[in-house]
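Asker: Compact mmCIF, C-alpha atoms and all ligand atoms, file start_23.txt:
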```
# COMPACT_ATOMS: atom_id res chain seq x y z
CA MET A 253 118.48 84.09 83.50
CA LYS A 254 117.77 86.25 86.58
CA THR A 255 114.78 88.61 86.59
CA ALA A 256 114.86 92.06 88.17
CA PHE A 257 111.85 94.26 88.85
CA ILE A 258 112.52 98.01 89.11
CA THR A 259 110.08 100.62 90.40
CA GLY A 260 110.99 104.08 89.08
CA ILE A 261 112.40 102.56 85.87
CA THR A 262 111.46 105.73 83.96
CA GLY A 263 113.57 107.88 86.32
CA GLN A 264 117.27 108.72 86.13
CA ASP A 265 118.54 105.80 88.21
CA GLY A 266 115.94 103.38 86.85
CA ALA A 267 117.21 103.94 83.31
CA TYR A 268 120.90 103.48 84.22
CA LEU A 269 120.15 100.46 86.42
CA ALA A 270 118.07 98.82 83.68
CA GLN A 271 120.96 99.35 81.23
CA PHE A 272 123.46 97.87 83.69
CA LEU A 273 121.29 94.82 84.49
CA LEU A 274 120.63 94.12 80.80
CA GLN A 275 124.42 94.14 80.29
CA GLN A 276 124.67 91.56 83.11
CA GLY A 277 122.23 89.30 81.23
CA TYR A 278 119.12 89.98 83.36
CA ARG A 279 115.53 90.01 82.20
CA VAL A 280 114.51 93.52 83.27
CA CYS A 281 110.94 94.44 84.15
CA GLY A 282 109.71 97.76 85.50
CA LEU A 283 106.69 99.40 87.02
CA ILE A 284 105.23 102.21 84.97
CA ALA A 285 102.77 104.61 86.56
CA ARG A 286 100.03 105.97 84.31
CA ARG A 287 100.80 109.53 83.19
CA SER A 288 99.17 111.74 80.55
CA THR A 289 102.56 112.61 79.04
CA ASP A 290 105.35 110.41 77.66
CA THR A 291 107.71 109.25 80.41
CA LEU A 292 109.87 106.93 78.32
CA TRP A 293 112.41 109.54 77.18
CA ARG A 294 115.21 108.34 79.47
CA LEU A 295 114.84 104.70 78.36
CA GLN A 296 114.80 105.94 74.76
CA TYR A 297 117.90 108.11 75.36
CA LEU A 298 119.80 104.95 76.42
CA ASN A 299 118.16 103.03 73.54
CA MET A 300 116.52 100.48 75.84
CA ASP A 301 112.80 101.10 75.67
CA LYS A 302 112.29 97.92 73.58
CA ASP A 303 114.48 95.75 75.84
CA VAL A 304 112.56 96.11 79.10
CA GLU A 305 109.11 94.79 80.06
CA LEU A 306 106.86 97.49 81.52
CA ILE A 307 104.00 96.61 83.87
CA GLU A 308 101.42 99.22 84.77
CA GLY A 309 101.03 100.03 88.46
CA ASP A 310 101.57 102.60 91.16
CA LEU A 311 103.52 102.52 94.40
CA THR A 312 100.47 103.83 96.28
CA ASP A 313 98.32 100.90 95.06
CA VAL A 314 99.51 97.75 96.81
CA SER A 315 97.23 95.50 94.72
CA SER A 316 99.03 96.62 91.55
CA LEU A 317 102.38 95.74 93.17
CA ILE A 318 101.19 92.27 94.21
CA ARG A 319 99.89 91.61 90.69
CA ALA A 320 103.13 92.87 89.13
CA ILE A 321 105.31 90.65 91.34
CA GLN A 322 103.08 87.62 90.74
CA GLN A 323 103.32 88.23 86.99
CA VAL A 324 107.06 89.01 86.76
CA LYS A 325 108.39 86.53 89.39
CA PRO A 326 111.59 88.50 90.06
CA SER A 327 114.49 87.36 92.22
CA GLU A 328 115.53 90.99 92.85
CA VAL A 329 113.34 94.06 93.40
CA TYR A 330 114.81 97.58 93.30
CA ASN A 331 112.55 100.26 94.82
CA LEU A 332 113.66 103.45 93.09
CA ALA A 333 110.25 105.09 92.67
CA ALA A 334 109.62 108.18 94.77
CA GLN A 335 108.47 111.75 94.80
CA SER A 336 112.17 112.53 94.75
CA PHE A 337 112.43 116.33 94.71
CA VAL A 338 113.07 117.96 98.11
CA GLY A 339 111.55 121.31 97.03
CA THR A 340 108.23 119.73 96.04
CA SER A 341 108.03 117.85 99.32
CA TRP A 342 107.05 121.08 101.14
CA GLU A 343 104.32 121.74 98.56
CA GLN A 344 103.05 118.12 98.52
CA PRO A 345 104.04 116.60 101.88
CA ILE A 346 101.21 114.08 101.92
CA THR A 347 101.78 112.75 98.41
CA THR A 348 105.48 112.61 99.22
CA SER A 349 104.78 110.49 102.31
CA GLN A 350 102.33 108.24 100.49
CA VAL A 351 104.74 107.48 97.64
CA THR A 352 108.18 107.81 99.21
CA ALA A 353 107.46 106.42 102.70
CA LEU A 354 104.41 104.13 102.48
CA GLY A 355 105.27 103.04 98.94
CA ALA A 356 108.28 101.15 100.32
CA LEU A 357 106.05 99.41 102.88
CA HIS A 358 103.56 98.46 100.14
CA LEU A 359 106.35 96.86 98.17
CA LEU A 360 107.76 95.02 101.19
CA GLU A 361 104.28 93.69 101.99
CA ALA A 362 103.82 92.60 98.37
CA ILE A 363 107.14 90.69 98.63
CA ARG A 364 106.27 89.16 102.02
CA LEU A 365 102.92 87.93 100.69
CA THR A 366 104.13 86.60 97.34
CA ASP A 367 107.74 85.43 97.65
CA PRO A 368 109.81 86.31 100.76
CA SER A 369 112.99 84.96 99.11
CA ILE A 370 113.07 88.04 96.80
CA ARG A 371 116.07 90.31 97.44
CA PHE A 372 115.00 93.93 98.00
CA TYR A 373 116.89 97.20 97.47
CA GLN A 374 115.58 100.46 99.00
CA ALA A 375 116.77 103.78 97.51
CA SER A 376 117.59 105.67 100.69
CA SER A 377 119.07 109.14 100.70
CA SER A 378 121.73 111.32 102.31
CA GLU A 379 118.85 113.78 102.90
CA MET A 380 118.11 111.61 105.97
CA PHE A 381 121.23 113.17 107.56
CA GLY A 382 119.82 116.70 107.02
CA LEU A 383 121.19 118.79 109.85
CA VAL A 384 124.33 116.70 109.95
CA GLN A 385 125.45 115.29 113.29
CA GLU A 386 128.98 114.40 112.08
CA ALA A 387 131.26 116.09 109.54
CA HIS A 388 131.67 112.83 107.56
CA GLN A 389 128.41 110.89 107.41
CA SER A 390 128.73 107.12 107.72
CA GLU A 391 126.29 104.23 108.33
CA LYS A 392 126.60 104.99 112.07
CA THR A 393 125.82 108.74 111.91
CA PRO A 394 122.48 109.66 113.56
CA PHE A 395 119.77 110.97 111.23
CA TYR A 396 118.14 114.43 111.38
CA PRO A 397 116.02 114.98 108.26
CA ARG A 398 115.18 118.57 107.29
CA SER A 399 112.34 118.18 104.75
CA PRO A 400 109.17 116.11 104.35
CA TYR A 401 111.16 114.18 101.70
CA GLY A 402 113.94 113.37 104.21
CA VAL A 403 111.38 112.30 106.81
CA ALA A 404 109.61 110.05 104.29
CA LYS A 405 112.91 108.46 103.24
CA LEU A 406 113.76 107.82 106.88
CA TYR A 407 110.52 105.85 107.31
CA ALA A 408 111.29 103.80 104.20
CA HIS A 409 114.82 103.14 105.47
CA TRP A 410 113.70 101.95 108.90
CA ILE A 411 110.83 99.81 107.58
CA THR A 412 113.37 98.07 105.32
CA VAL A 413 115.63 97.42 108.32
CA ASN A 414 112.60 96.32 110.36
CA TYR A 415 111.38 93.82 107.75
CA ARG A 416 114.91 92.40 107.57
CA GLU A 417 114.97 91.95 111.35
CA SER A 418 111.30 90.91 111.77
CA PHE A 419 110.76 88.61 108.79
CA GLN A 420 114.34 87.83 107.67
CA LEU A 421 113.67 89.46 104.28
CA PHE A 422 116.86 90.19 102.33
CA GLY A 423 116.40 93.97 102.40
CA CYS A 424 119.27 96.42 101.77
CA SER A 425 119.12 100.17 102.21
CA GLY A 426 121.56 102.07 100.01
CA ILE A 427 122.12 105.53 101.49
CA LEU A 428 123.12 107.31 98.32
CA PHE A 429 124.47 110.85 98.23
CA ASN A 430 123.43 113.14 95.34
CA HIS A 431 124.13 111.64 91.95
CA GLU A 432 123.58 113.29 88.63
CA SER A 433 123.83 112.72 84.88
CA PRO A 434 122.48 114.07 81.59
CA LEU A 435 119.27 112.21 82.59
CA ARG A 436 118.84 114.14 85.87
CA GLY A 437 115.49 115.94 86.26
CA ILE A 438 115.73 119.61 85.24
CA GLU A 439 114.45 120.77 88.66
CA PHE A 440 117.65 119.61 90.44
CA VAL A 441 120.39 122.21 90.77
CA THR A 442 123.10 120.52 88.67
CA ARG A 443 120.83 120.01 85.63
CA LYS A 444 119.30 123.47 86.09
CA VAL A 445 122.83 124.92 85.98
CA THR A 446 124.16 122.84 83.06
CA ASP A 447 120.99 123.51 81.05
CA GLY A 448 121.17 127.22 82.00
CA ALA A 449 124.84 127.49 81.00
CA ALA A 450 124.02 125.86 77.63
CA ARG A 451 121.08 128.23 76.99
CA ILE A 452 123.13 131.31 77.90
CA LYS A 453 126.02 130.13 75.72
CA LEU A 454 123.65 129.63 72.77
CA GLY A 455 122.10 133.09 73.27
CA LEU A 456 118.64 131.91 74.42
CA GLU A 457 118.90 133.37 77.93
CA LYS A 458 121.03 135.95 79.74
CA GLU A 459 120.69 134.96 83.39
CA LEU A 460 120.05 131.98 85.65
CA ARG A 461 118.14 132.44 88.92
CA LEU A 462 119.24 130.28 91.87
CA GLY A 463 118.63 130.10 95.62
CA ASN A 464 121.27 129.22 98.20
CA ILE A 465 124.57 128.63 96.41
CA ASP A 466 126.61 128.23 99.60
CA SER A 467 125.27 124.76 100.44
CA LYS A 468 127.62 121.84 99.84
CA ARG A 469 126.87 118.49 98.25
CA ASP A 470 128.78 115.25 97.67
CA TRP A 471 127.96 114.78 93.98
CA GLY A 472 128.70 111.64 91.95
CA PHE A 473 127.70 110.13 88.59
CA ALA A 474 124.46 108.06 88.54
CA GLY A 475 126.05 105.53 86.15
CA ASP A 476 128.64 104.66 88.85
CA TYR A 477 126.05 104.54 91.66
CA VAL A 478 123.61 102.00 90.14
CA LYS A 479 126.39 99.37 90.15
CA ALA A 480 126.54 99.69 93.95
CA MET A 481 122.80 98.92 94.19
CA TRP A 482 123.32 95.65 92.34
CA MET A 483 126.48 94.78 94.34
CA MET A 484 124.53 95.09 97.61
CA LEU A 485 122.05 92.44 96.46
CA GLN A 486 124.84 89.99 95.49
CA GLN A 487 126.29 89.78 99.03
CA ALA A 488 125.79 86.81 101.38
CA GLU A 489 124.03 89.04 103.93
CA ALA A 490 121.72 92.02 103.56
CA ASP A 491 123.11 95.29 104.97
CA ASP A 492 123.05 99.08 104.60
CA TYR A 493 125.73 101.07 102.82
CA ILE A 494 126.74 104.70 102.27
CA ILE A 495 127.42 105.40 98.58
CA ALA A 496 129.27 108.67 98.02
CA THR A 497 132.45 110.15 96.55
CA GLY A 498 133.84 111.37 99.89
CA LYS A 499 134.29 114.91 98.47
CA THR A 500 132.04 117.93 98.92
CA THR A 501 131.64 121.07 96.78
CA THR A 502 129.52 124.22 97.06
CA VAL A 503 126.75 124.90 94.55
CA ARG A 504 128.78 128.05 93.73
CA ASP A 505 131.88 126.04 92.74
CA MET A 506 129.73 123.61 90.72
CA CYS A 507 128.36 126.66 88.82
CA GLU A 508 131.92 127.83 88.20
CA ILE A 509 132.80 124.46 86.60
CA ALA A 510 129.66 124.46 84.41
CA PHE A 511 130.05 128.02 83.10
CA ARG A 512 133.80 127.58 82.58
CA ALA A 513 133.00 124.53 80.42
CA VAL A 514 131.22 126.88 77.95
CA GLY A 515 133.86 129.63 78.27
CA LEU A 516 131.77 131.92 80.53
CA ASN A 517 132.11 133.41 84.03
CA TYR A 518 129.22 132.29 86.27
CA GLU A 519 129.35 135.59 88.20
CA ASP A 520 128.17 137.46 85.10
CA HIS A 521 124.98 135.35 84.81
CA ILE A 522 123.82 133.93 88.17
CA VAL A 523 121.14 135.98 89.94
CA ILE A 524 120.29 135.07 93.53
CA ASP A 525 116.54 134.88 94.05
CA PRO A 526 115.44 134.71 97.72
CA LYS A 527 112.19 133.03 96.59
CA LEU A 528 114.27 129.97 95.72
CA TYR A 529 115.59 129.55 99.28
CA ARG A 530 114.11 126.55 101.10
CA PRO A 531 112.14 126.63 104.37
CA ALA A 532 114.90 124.51 105.96
CA GLU A 533 118.25 123.90 104.29
CA VAL A 534 120.71 121.01 104.34
CA ASP A 535 123.97 122.97 104.44
CA LEU A 536 126.50 120.19 104.10
CA LEU A 537 126.53 116.61 102.84
CA LEU A 538 129.76 114.63 102.81
CA GLY A 539 129.66 110.85 102.75
CA ASN A 540 132.14 108.32 104.07
CA PRO A 541 131.98 105.40 101.58
CA LEU A 542 134.63 103.26 103.35
CA LYS A 543 132.30 100.33 104.12
CA ALA A 544 131.18 100.11 100.47
CA LYS A 545 134.83 100.10 99.38
CA GLN A 546 135.88 97.43 101.86
CA ARG A 547 132.87 95.10 101.60
CA LEU A 548 131.58 95.64 98.05
CA GLY A 549 134.77 96.76 96.34
CA TRP A 550 132.82 99.81 95.10
CA GLU A 551 134.32 103.26 94.47
CA ALA A 552 133.09 106.33 92.58
CA GLU A 553 134.88 106.50 89.24
CA THR A 554 133.77 109.86 87.80
CA SER A 555 135.00 113.21 89.17
CA LEU A 556 132.66 116.19 89.58
CA GLN A 557 134.55 118.02 86.83
CA GLN A 558 134.01 115.10 84.40
CA LEU A 559 130.37 114.78 85.45
CA ILE A 560 129.50 118.46 84.98
CA GLU A 561 131.35 118.62 81.65
CA MET A 562 129.43 115.52 80.47
CA MET A 563 126.13 117.18 81.46
CA VAL A 564 127.01 120.55 79.86
CA GLU A 565 127.97 118.79 76.61
CA ALA A 566 124.66 116.86 76.52
CA ASP A 567 122.68 120.03 77.27
CA LEU A 568 124.53 122.01 74.59
CA ARG A 569 123.63 119.28 72.06
CA ARG A 570 120.01 119.10 73.20
CA VAL A 571 119.41 122.86 73.32
CA HIS A 572 121.18 123.32 69.97
CA SER A 573 118.95 120.71 68.33
CA MET A 574 115.85 122.65 69.47
CA ILE A 575 116.92 126.01 67.98
P1 LIG A 601 113.62 110.35 89.56
O1 LIG A 601 112.79 111.46 90.12
O2 LIG A 601 114.38 110.58 88.29
O3 LIG A 601 112.66 109.07 89.32
C1 LIG A 601 111.58 108.79 90.16
C2 LIG A 601 110.79 107.65 89.56
O4 LIG A 601 109.69 107.33 90.43
C3 LIG A 601 110.17 107.94 88.19
O5 LIG A 601 110.29 106.78 87.39
C4 LIG A 601 108.70 108.18 88.53
O6 LIG A 601 107.81 107.88 87.46
C5 LIG A 601 108.52 107.17 89.64
N1 LIG A 601 107.32 107.42 90.45
C6 LIG A 601 106.97 108.57 91.08
N2 LIG A 601 105.81 108.40 91.73
C7 LIG A 601 105.42 107.11 91.50
C8 LIG A 601 104.30 106.35 91.92
N3 LIG A 601 103.35 106.86 92.70
N4 LIG A 601 104.23 105.05 91.51
C9 LIG A 601 105.18 104.52 90.72
N5 LIG A 601 106.25 105.20 90.29
C10 LIG A 601 106.37 106.49 90.68
O7 LIG A 601 114.60 109.88 90.72
P2 LIG A 601 116.11 109.32 90.62
O8 LIG A 601 116.18 108.31 89.54
O9 LIG A 601 117.06 110.45 90.65
O10 LIG A 601 116.27 108.60 92.04
C11 LIG A 601 115.90 107.23 92.22
C12 LIG A 601 115.59 106.99 93.68
O11 LIG A 601 116.74 107.26 94.46
C13 LIG A 601 114.48 107.86 94.25
O12 LIG A 601 113.78 107.11 95.21
C14 LIG A 601 115.23 109.00 94.92
O13 LIG A 601 114.47 109.59 95.94
C15 LIG A 601 116.43 108.24 95.45
N6 LIG A 601 117.65 109.01 95.63
C16 LIG A 601 118.12 109.76 94.59
C17 LIG A 601 119.29 110.48 94.73
C18 LIG A 601 119.85 111.27 93.59
O14 LIG A 601 120.75 112.07 93.84
N7 LIG A 601 119.40 111.06 92.37
C19 LIG A 601 120.02 110.48 96.02
C20 LIG A 601 119.47 109.58 97.00
C21 LIG A 601 118.32 108.90 96.82
P3 LIG A 601 107.42 109.01 86.34
O15 LIG A 601 108.58 109.04 85.38
O16 LIG A 601 106.20 108.46 85.74
O17 LIG A 601 107.23 110.29 87.09
P1 LIG A 602 118.88 117.96 97.06
O1 LIG A 602 120.19 117.84 97.76
O2 LIG A 602 118.19 116.65 96.85
O3 LIG A 602 117.98 118.96 97.63
O4 LIG A 602 119.27 118.40 95.54
P2 LIG A 602 119.01 119.74 94.71
O5 LIG A 602 119.81 119.60 93.46
O6 LIG A 602 117.55 120.00 94.53
O7 LIG A 602 119.59 120.91 95.62
C1 LIG A 602 120.95 120.94 96.01
C2 LIG A 602 121.25 122.25 96.72
O8 LIG A 602 121.19 123.33 95.77
C3 LIG A 602 120.27 122.64 97.85
O9 LIG A 602 121.03 123.14 98.94
C4 LIG A 602 119.46 123.76 97.25
O10 LIG A 602 118.96 124.71 98.21
C5 LIG A 602 120.51 124.42 96.37
N1 LIG A 602 119.92 125.27 95.31
C6 LIG A 602 120.21 126.59 95.09
N2 LIG A 602 119.47 127.05 94.08
C7 LIG A 602 118.69 126.02 93.65
C8 LIG A 602 117.70 125.92 92.61
O11 LIG A 602 117.39 126.86 91.90
N3 LIG A 602 117.14 124.68 92.44
C9 LIG A 602 117.47 123.61 93.23
N4 LIG A 602 116.90 122.44 93.00
N5 LIG A 602 118.38 123.70 94.23
C10 LIG A 602 118.98 124.90 94.43
```
Would it be possible to restate this file's structure as structure tokens?
Answerer:
Amino acid sequence: MKTAFITGITGQDGAYLAQFLLQQGYRVCGLIARRSTDTLWRLQYLNMDKDVELIEGDLTDVSSLIRAIQQVKPSEVYNLAAQSFVGTSWEQPITTSQVTALGALHLLEAIRLTDPSIRFYQASSSEMFGLVQEAHQSEKTPFYPRSPYGVAKLYAHWITVNYRESFQLFGCSGILFNHESPLRGIEFVTRKVTDGAARIKLGLEKELRLGNIDSKRDWGFAGDYVKAMWMMLQQAEADDYIIATGKTTTVRDMCEIAFRAVGLNYEDHIVIDPKLYRPAEVDLLLGNPLKAKQRLGWEAETSLQQLIEMMVEADLRRVHSMI
């Protein structure tokens, strides 16, 4: 039986990846950072909280990572932990760098010191493209991050590449475009919109305040994307891959889909609030996932329409159960 160790197991992707790896017959272990509130809700939602082994530690504390890896003895490590919200990265740029950038280095060092044969996955992000230098972003497109989060992810990406080239570690960087699900954090725009549409439909709210709804994102379903992470670590050689749908949609059109799903017109409820605009915006993200298709045999399976409808349905159920 193979053992996987996941940082960020309590996050959206961590929960879906743990579910996928358990289905593949893995022993699944995860790092859990100490928090004063319950962070197990996603693992409980997928009914898996009893099936994974949780080890206490923090990405900013390299000694906890070394101890965890010595204890778990994984053959694959997935680094999904991060301060992952772009908006917060302007409010907490230093924490973001410590967790999202240096955290990856801590984990690579822990692997190098304990067992360099471990295969390593780094959760890189399309936010590294920022002010995009090509209309379709591929593995060869130059980076131009636009937020402290994007800058931190770029460090983590390059240190993964560097450890592969310097120490022959099997390190893969998956450059994933935005991916969402009913387990997405409420601060991200898709969940904010699907939750808002559900609340308005059920009469709890009248309006939903948003920032820039003209930006475009290449949105996919997290459940599809975690398979690509695993596929990268099963290849003969470590490499970097774009994971995306290859389609882009404005926030405005995503709102239209969400409100239509509950029989409402988004224009009657969305209020634009300039306070929600960002100091620097990423206007367009559109990935070219050709390499992943050709080399991994991976393709996005869920359309944006299906994804948003799935999220609206889950939010309607959740909000309804709280009334
Ligand atoms: P989430 O925000 O849902 O999950 C982040 C996870 O990191 C949580 O489990 C959180 O723990 C954990 N974490 C935060 N700080 C620390 C720390 N100091 N030590 C240990 N664990 C910590 O993110 P997603 O699941 O959406 O994303 C997974 C990864 O993929 C992230 O690295 C993200 O930046 C990246 N990514 C995501 C994309 C997306 O669209 N979802 C796109 C591209 C990249 P806790 O629950 O306790 O807070
Ligand atoms: P990101 O691509 O990682 O920044 O994902 P988000 O879901 O946080 O944001 C996607 C886009 O939606 C960005 O261009 C935001 O500026 C835009 N947006 C507009 N209004 C909001 C809002 O109220 N919350 C968030 N999170 N994003 C918003």
Asker: Just want the 12 Å neighbourhood of Ala270 of chain A, counted on all atoms listed in the file, with same-chain residues fewer than 5 positions away dropped. Output as a PyMOL selection string.
Answerer: chain A and resi 255-265+275-283+294-296+298-306+329-330+332+475+478-479+481-482
Asker: Quick check, in Å to one decimal: how far apart do atom CA of Pro526 of chain A and atom P2 of ligand LIG 602 (chain A) lie?
Answerer: 15.7 Å
Asker: With all atoms listed in the file as the basis for distance, which of A:Thr502, A:Ser376, A:Gln487, A:Ser369 is at the shortest distance from ligand LIG 602 (chain A)?
Answerer: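 With all atoms listed in the file as the atom set, the closest residue is A:Thr502.
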Asker: My list of candidates is A:Gln374, A:Ser341, A:Gln323, A:Thr501. Which is closest to ligand LIG 601 (chain A) when distances are computed with all atoms listed in the file?
Answerer: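 Smallest separation from ligand LIG 601 (chain A) among the options: A:Gln374.
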Asker: Taking all atoms listed in the file into account, report as JSON, numbers by chain which residues have an atom no farther than 8 Å from an atom of ligand LIG 601 (chain A).
Answerer: {"A": [259, 260, 261, 262, 263, 264, 265, 266, 267, 283, 284, 285, 286, 287, 291, 292, 309, 310, 311, 312, 331, 332, 333, 334, 335, 336, 337, 350, 351, 352, 355, 374, 375, 376, 377, 378, 379, 405, 427, 428, 429, 430, 431, 432, 435, 436, 437, 471, 474]}
Asker: Counting all atoms listed in the file, what are the residues, protein, DNA or RNA alike, that approach ligand LIG 602 (chain A) to within 8 Å? I want them as a list in words.
Answerer: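 These are the residues that qualify: Ser336, Phe337, Val338, Gly339, Glu379, Asn430, Glu439, Phe440, Val441, Thr442, Arg443, Lys444, Arg461, Leu462, Gly463, Asn464, Ile465, Asp466, Ser467, Lys468, Arg469, Val503, Leu528, Tyr529, Arg530, Glu533, Val534 and Asp535 of chain A.
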Asker: So the first atom is atom CA of Val403 of chain A and the second is atom CA of Gly382 of chain A; what is the distance between them in Å, to one decimal place?
Answerer: 9.5 Å
Asker: Between atom CA of Gln486 of chain A and atom CA of Val413 of chain A, what distance in Å does the model show, to one decimal?
Answerer: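 One can read the atom CA of Gln486 of chain A to atom CA of Val413 of chain A distance as 17.5 Å.
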Asker: Calculated over all atoms listed in the file, which of the candidates A:Gln322, A:Gln271, A:Asn540, A:Gln344 has the smallest distance to Glu391 of chain A?
Answerer: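 The answer is A:Asn540, which sits nearest to Glu391 of chain A.
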Asker: Please determine, counting all atoms listed in the file, which residue among A:Pro394, A:Ile321, A:Arg451, A:Ala362 has the shortest atom-to-atom distance to Met380 of chain A.
Answerer: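 Once distances to Met380 of chain A are computed over all atoms listed in the file, the minimum belongs to A:Pro394.
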Asker: Which is closest to Thr554 of chain A among A:Thr412, A:Ser425, A:Ser573, A:Thr497, if we use all atoms listed in the file?
Answerer: A:Thr497
Asker: Rank nothing, just name the residue among A:Glu343, A:Phe422, A:His409, A:Pro434 nearest to Tyr297 of chain A, using all atoms listed in the file.
Answerer: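 Among the listed residues, the smallest separation from Tyr297 of chain A belongs to A:Pro434.
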Asker: Could you list, as a PyMOL selection string, every residue within 10 Å of Glu553 of chain A, counting only C-alpha atoms and ignoring same-chain residues fewer than 4 positions away?
Answerer: chain A and resi 472-473+475-477+497+558
Asker: Using only C-alpha atoms, which residues sit within 7 Å of Ile411 of chain A once same-chain residues fewer than 4 positions away are excluded, as a PDB file with C-alpha atoms, in the coordinates of the input?
Answerer:
```pdb
ATOM      1  CA  LEU A 357     106.050  99.410 102.880  1.00  0.00           C
ATOM      2  CA  TYR A 407     110.520 105.850 107.310  1.00  0.00           C
ATOM      3  CA  TYR A 415     111.380  93.820 107.750  1.00  0.00           C
TER       4      TYR A 415
END
```
Asker: Compile the contact shell of segment 511-524 of chain A as number ranges by chain: residues with an atom at most 10 Å away, counting all atoms listed in the file, same-chain residues fewer than 5 positions apart removed.
Answerer: A: 445-446, 448-450, 452-454, 457-465, 504-506, 529, 557, 560-562, 564-565, 568
